[in-house]
Amino acid sequence: MNVLISGASVAGPVLAYWLRRAGYRVTVVERTASLRTGDGGQAVDVLGPAVEVIERMGLLDAVERERTKTDVMTLHRPGKRPVTIHAAQLLAGISDRHVEIMRGDLAAILHEATREEVEYRFGTTIAAMTDTGPAVDVTFDDGTRESYDLVVGADGLHSGVRRLAFGDESRYRHFLGGYLAVFTVPDLLGLGGAVHAYNAVDRAVAVYPTRRPDRARVVIMIRSERELVYDYRDGGEQRRLLRSLTADLGWEVPRLLEHLDAAEDFYFDSISQIRLDSWSRGRIALVGDAGYGPGPAVGGGTSIALVGGYVLASELAAAGGDHRVALPAYQRAMAEPVAHSRRIGPAVMATLIPRSTTQLWAMAQAIRLLPRLPRPVQRRLTSFGGGPAAMLEGVQLRPAPAVSN
């Protein structure tokens with residue numbers, strides 16, 4: 001089979017790895033001119049079965065080497081003394097198997113594992129495609145045309161494959177009531193191994209270290225009851241909007257925002273979910289955020305993308321490449337994790353972004369109390385209601401597809 005995958009971040013390379021192992025010819029196209037690696041992106045969690053997928057790829061040691069190394073978290077609030085807690089206590093309930101890593105570092109590891117046997121075309125997008133029955137005829141943005149046995153969209157929240165095959169994004173994107181901004185700045189706070197968080201009503205800011213000792217990552221989450229109107233492709237407009245939404249914040253926020261214009265990796269988007277009843281039509285399928293993103297920054301998106309890529313590849317291999325069998329099987333296997341993921345976002349946002357001064361106070365008291373509690377109680381209180389970790393409980397991964405030439 002000849003398979004085209006759009007998207008070279010997480011789900012796409014995982015799918016490509018296992019399809020190539022099963023003997024398929026795989027091409028990955030990516031709209032950016034080069035891989036977004038290194039300091040790009042935010043810290044992401046690899047949980048439970050997603051760790052097993054990484055392990056089956058022989059990449060767990062590489063991922064462990066690049067995992068984030070934060071020792072403590074200090075919470076700051078307007079007009080109050082800061083509260084500090086060890087990171088291990090704060091993350092006790094996330095999962096029994098849990099690795100936190102920068103998204104760019106994970107993407108680089110996945111690309112390195114696939115680049116020798118998978119064709120990557122950067123700076124390329126799908127302009128049009130037609131499922132003719134026997135194949136999918138694809139026209140690329142440079143005007144060239146090719147045919148494929150299967151096309152998979154692994155191209156994120158604003159998936160171009162989904163738009164072409166399923167219709168406009170507005171039909172499937174559900175706003176969860178918030179916005180996320182991520183960008184890199186000089187290490188103004190001398191972080192070392194610490195994360196600093198600043199919470200105000202309806203806003204949450206975190207600053208944490210990157211692999212480079214002179215750089216730091218800033219993450220800002222903003223609650224908004226209404227969806228804002230802006231061009232998600234216009235970085236200048238997004239920067240102006242972010243400044244207006246954070247203009248009244250104190251602590252170190254004004255100093256961090258002074259470096260906003262210089263940040264080449266600036267990311268701003270709504271915290272939204274993608275909800276479709278089916279992730280395939282004929283010979284076209286979706287995986288990861290393109291089909292069932294739980295929402296950026298609310299937990300589980302990277303893990304479900306890793307698992308989804310593996311499950312899709314294993315079902316195709318088990319069905320001998322028959323998409324009529326494999327794609328419904330993929331849908332059944334991922335149905336429960338995806339349904340669970342849709343419940344995570346609102347719960348996590350309610351925890352991370354305080355709605356009131358009372359919630360701000362309660363959050364600080366909980367952090368003060370947590371180290372004194374027994375380990376089982378710590379785990380229960382820091383599991384976010386069992387959200388991201390529980391999402392993948394019960395997922396049974398097929399044996400790895402057999403190696404084929």
# chains A, B, ... in the order shown; residues from 1 in each chain; ligands from 1

$ select_by_dssp --residues "region 230-365 of chain A" --states "strand (DSSP E or B)" --output "ChimeraX atom specification"
/A:267-274,280-281,284-286

$ residues_around --residues "region 195-202 of chain A" --least-positions-apart "6" --cutoff "8 Å" --atoms "only C-alpha atoms" --output "number ranges by chain"
A: 70-78, 208-209, 222-224, 249, 251, 353-357, 360

$ write_last_selection --atoms "C-alpha atoms" --output "PDB file, in the first residue's frame"
ATOM      1  CA  THR A  70      11.748  20.166  37.358  1.00  0.00           C
ATOM      2  CA  ASP A  71      12.198  19.789  41.110  1.00  0.00           C
ATOM      3  CA  VAL A  72       9.794  22.265  42.689  1.00  0.00           C
ATOM      4  CA  MET A  73       6.806  24.454  41.817  1.00  0.00           C
ATOM      5  CA  THR A  74       6.174  27.820  43.457  1.00  0.00           C
ATOM      6  CA  LEU A  75       2.712  29.365  43.275  1.00  0.00           C
ATOM      7  CA  HIS A  76       2.437  33.165  43.361  1.00  0.00           C
ATOM      8  CA  ARG A  77      -0.793  35.115  43.913  1.00  0.00           C
ATOM      9  CA  PRO A  78      -1.642  38.823  43.940  1.00  0.00           C
ATOM     10  CA  TYR A 208       9.381  26.618  33.414  1.00  0.00           C
ATOM     11  CA  PRO A 209      12.909  25.747  32.247  1.00  0.00           C
ATOM     12  CA  ILE A 222      -7.100  32.574  29.997  1.00  0.00           C
ATOM     13  CA  ARG A 223     -10.734  31.864  30.743  1.00  0.00           C
ATOM     14  CA  SER A 224     -13.223  33.509  28.398  1.00  0.00           C
ATOM     15  CA  LEU A 249      -1.643  41.166  35.656  1.00  0.00           C
ATOM     16  CA  TRP A 251       4.128  39.724  39.346  1.00  0.00           C
ATOM     17  CA  ILE A 353      -7.746  28.486  35.988  1.00  0.00           C
ATOM     18  CA  PRO A 354      -9.321  29.897  39.174  1.00  0.00           C
ATOM     19  CA  ARG A 355     -12.744  31.482  38.823  1.00  0.00           C
ATOM     20  CA  SER A 356     -12.643  33.474  42.067  1.00  0.00           C
ATOM     21  CA  THR A 357     -10.438  34.724  44.883  1.00  0.00           C
ATOM     22  CA  LEU A 360      -7.241  31.048  44.536  1.00  0.00           C
TER      23      LEU A 360
END

$ select_by_dssp --residues "region 137-288 of chain A" --states "alpha helix (DSSP H)" --output "VMD selection string"
chain A and resid 160 to 166 235 to 245 253 to 257

$ residues_around --residues "region 326-336 of chain A" --least-positions-apart "5" --cutoff "7 Å" --atoms "only C-alpha atoms" --output "count of residues only"
7

$ residues_around --residues "Gly143 (chain A)" --least-positions-apart "5" --cutoff "12 Å" --atoms "only C-alpha atoms" --output "list in words"
Thr124, Thr125, Ile126, Ala127, Ala128, Met129 and Val138 of chain A

$ closest_residue --among "A:Arg203, A:Arg65, A:Arg162, A:Arg171" --to "Leu352 (chain A)" --atoms "only C-alpha atoms"
A:Arg203

$ atom_distance --atom1 "CA of Asp141 (chain A)" --atom2 "CA of Ala165 (chain A)"
16.4 Å

$ closest_residue --among "A:Thr302, A:Ser159, A:Thr351, A:Ser314" --to "Ile274 (chain A)" --atoms "only C-alpha atoms"
A:Ser159

$ closest_residue --among "A:Ala400, A:Ala285, A:Leu257, A:Leu106" --to "Val161 (chain A)" --atoms "only C-alpha atoms"
A:Ala285

$ closest_residue --among "A:Thr184, A:Thr132, A:Gln42, A:Thr68" --to "Ala297 (chain A)" --atoms "only C-alpha atoms"
A:Gln42

$ residues_around --residues "Leu228 (chain A)" --least-positions-apart "6" --cutoff "10 Å" --atoms "only C-alpha atoms" --output "NGL selection string"
:A and (178-179 or 241 or 270)

$ write_last_selection --atoms "N, CA and C atoms" --output "PDB file, in the first residue's frame"
ATOM      1  N   GLY A 178     -11.775  28.973  26.844  1.00  0.00           N
ATOM      2  CA  GLY A 178     -10.473  29.492  27.234  1.00  0.00           C
ATOM      3  C   GLY A 178      -9.505  29.613  26.076  1.00  0.00           C
ATOM      4  N   TYR A 179      -8.350  30.232  26.360  1.00  0.00           N
ATOM      5  CA  TYR A 179      -7.295  30.419  25.363  1.00  0.00           C
ATOM      6  C   TYR A 179      -5.951  30.056  25.970  1.00  0.00           C
ATOM      7  N   LEU A 241      -3.787  40.775  21.044  1.00  0.00           N
ATOM      8  CA  LEU A 241      -4.904  40.251  21.815  1.00  0.00           C
ATOM      9  C   LEU A 241      -4.429  39.720  23.159  1.00  0.00           C
ATOM     10  N   SER A 270      -7.398  28.931  20.705  1.00  0.00           N
ATOM     11  CA  SER A 270      -8.472  28.623  21.633  1.00  0.00           C
ATOM     12  C   SER A 270      -8.252  27.233  22.222  1.00  0.00           C
TER      13      SER A 270
END

$ atom_distance --atom1 "CA of Glu237 (chain A)" --atom2 "CA of Gly123 (chain A)"
23.6 Å

$ atom_distance --atom1 "CA of Arg233 (chain A)" --atom2 "CA of Val218 (chain A)"
20.2 Å

$ closest_residue --among "A:Val219, A:Ala22, A:Val287, A:Val403" --to "Ser303 (chain A)" --atoms "only C-alpha atoms"
A:Val287

$ residues_around --residues "Arg20 (chain A)" --least-positions-apart "2" --cutoff "9 Å" --atoms "only C-alpha atoms" --output "list in words"
Leu15, Ala16, Tyr17, Trp18, Ala22, Gly23, Tyr24, Arg25, Val26, Thr114, Glu117, Val118, Val403, Ser404 and Asn405 of chain A

$ write_last_selection --atoms "C-alpha atoms" --output "short mmCIF file (atom, residue, chain, number, x, y, z; two decimals), in the first residue's frame"
data_model
loop_
_atom_site.label_atom_id
_atom_site.label_comp_id
_atom_site.auth_asym_id
_atom_site.auth_seq_id
_atom_site.Cartn_x
_atom_site.Cartn_y
_atom_site.Cartn_z
CA LEU A 15 1.69 5.95 12.31
CA ALA A 16 4.41 6.16 9.66
CA TYR A 17 6.83 4.10 11.76
CA TRP A 18 4.44 1.19 12.23
CA ALA A 22 4.41 -3.56 8.15
CA GLY A 23 5.78 -3.05 4.62
CA TYR A 24 3.79 -0.01 3.46
CA ARG A 25 5.26 2.82 1.43
CA VAL A 26 4.72 6.01 3.45
CA THR A 114 11.52 7.36 10.84
CA GLU A 117 12.65 4.83 5.66
CA VAL A 118 9.82 7.36 5.39
CA VAL A 403 8.22 -6.68 10.18
CA SER A 404 7.69 -6.90 6.42
CA ASN A 405 9.63 -5.77 3.40
#

$ residues_around --residues "Arg36 (chain A)" --least-positions-apart "3" --cutoff "8 Å" --atoms "only C-alpha atoms" --output "JSON, numbers by chain"
{"A": [9, 32, 40, 104, 107, 108]}
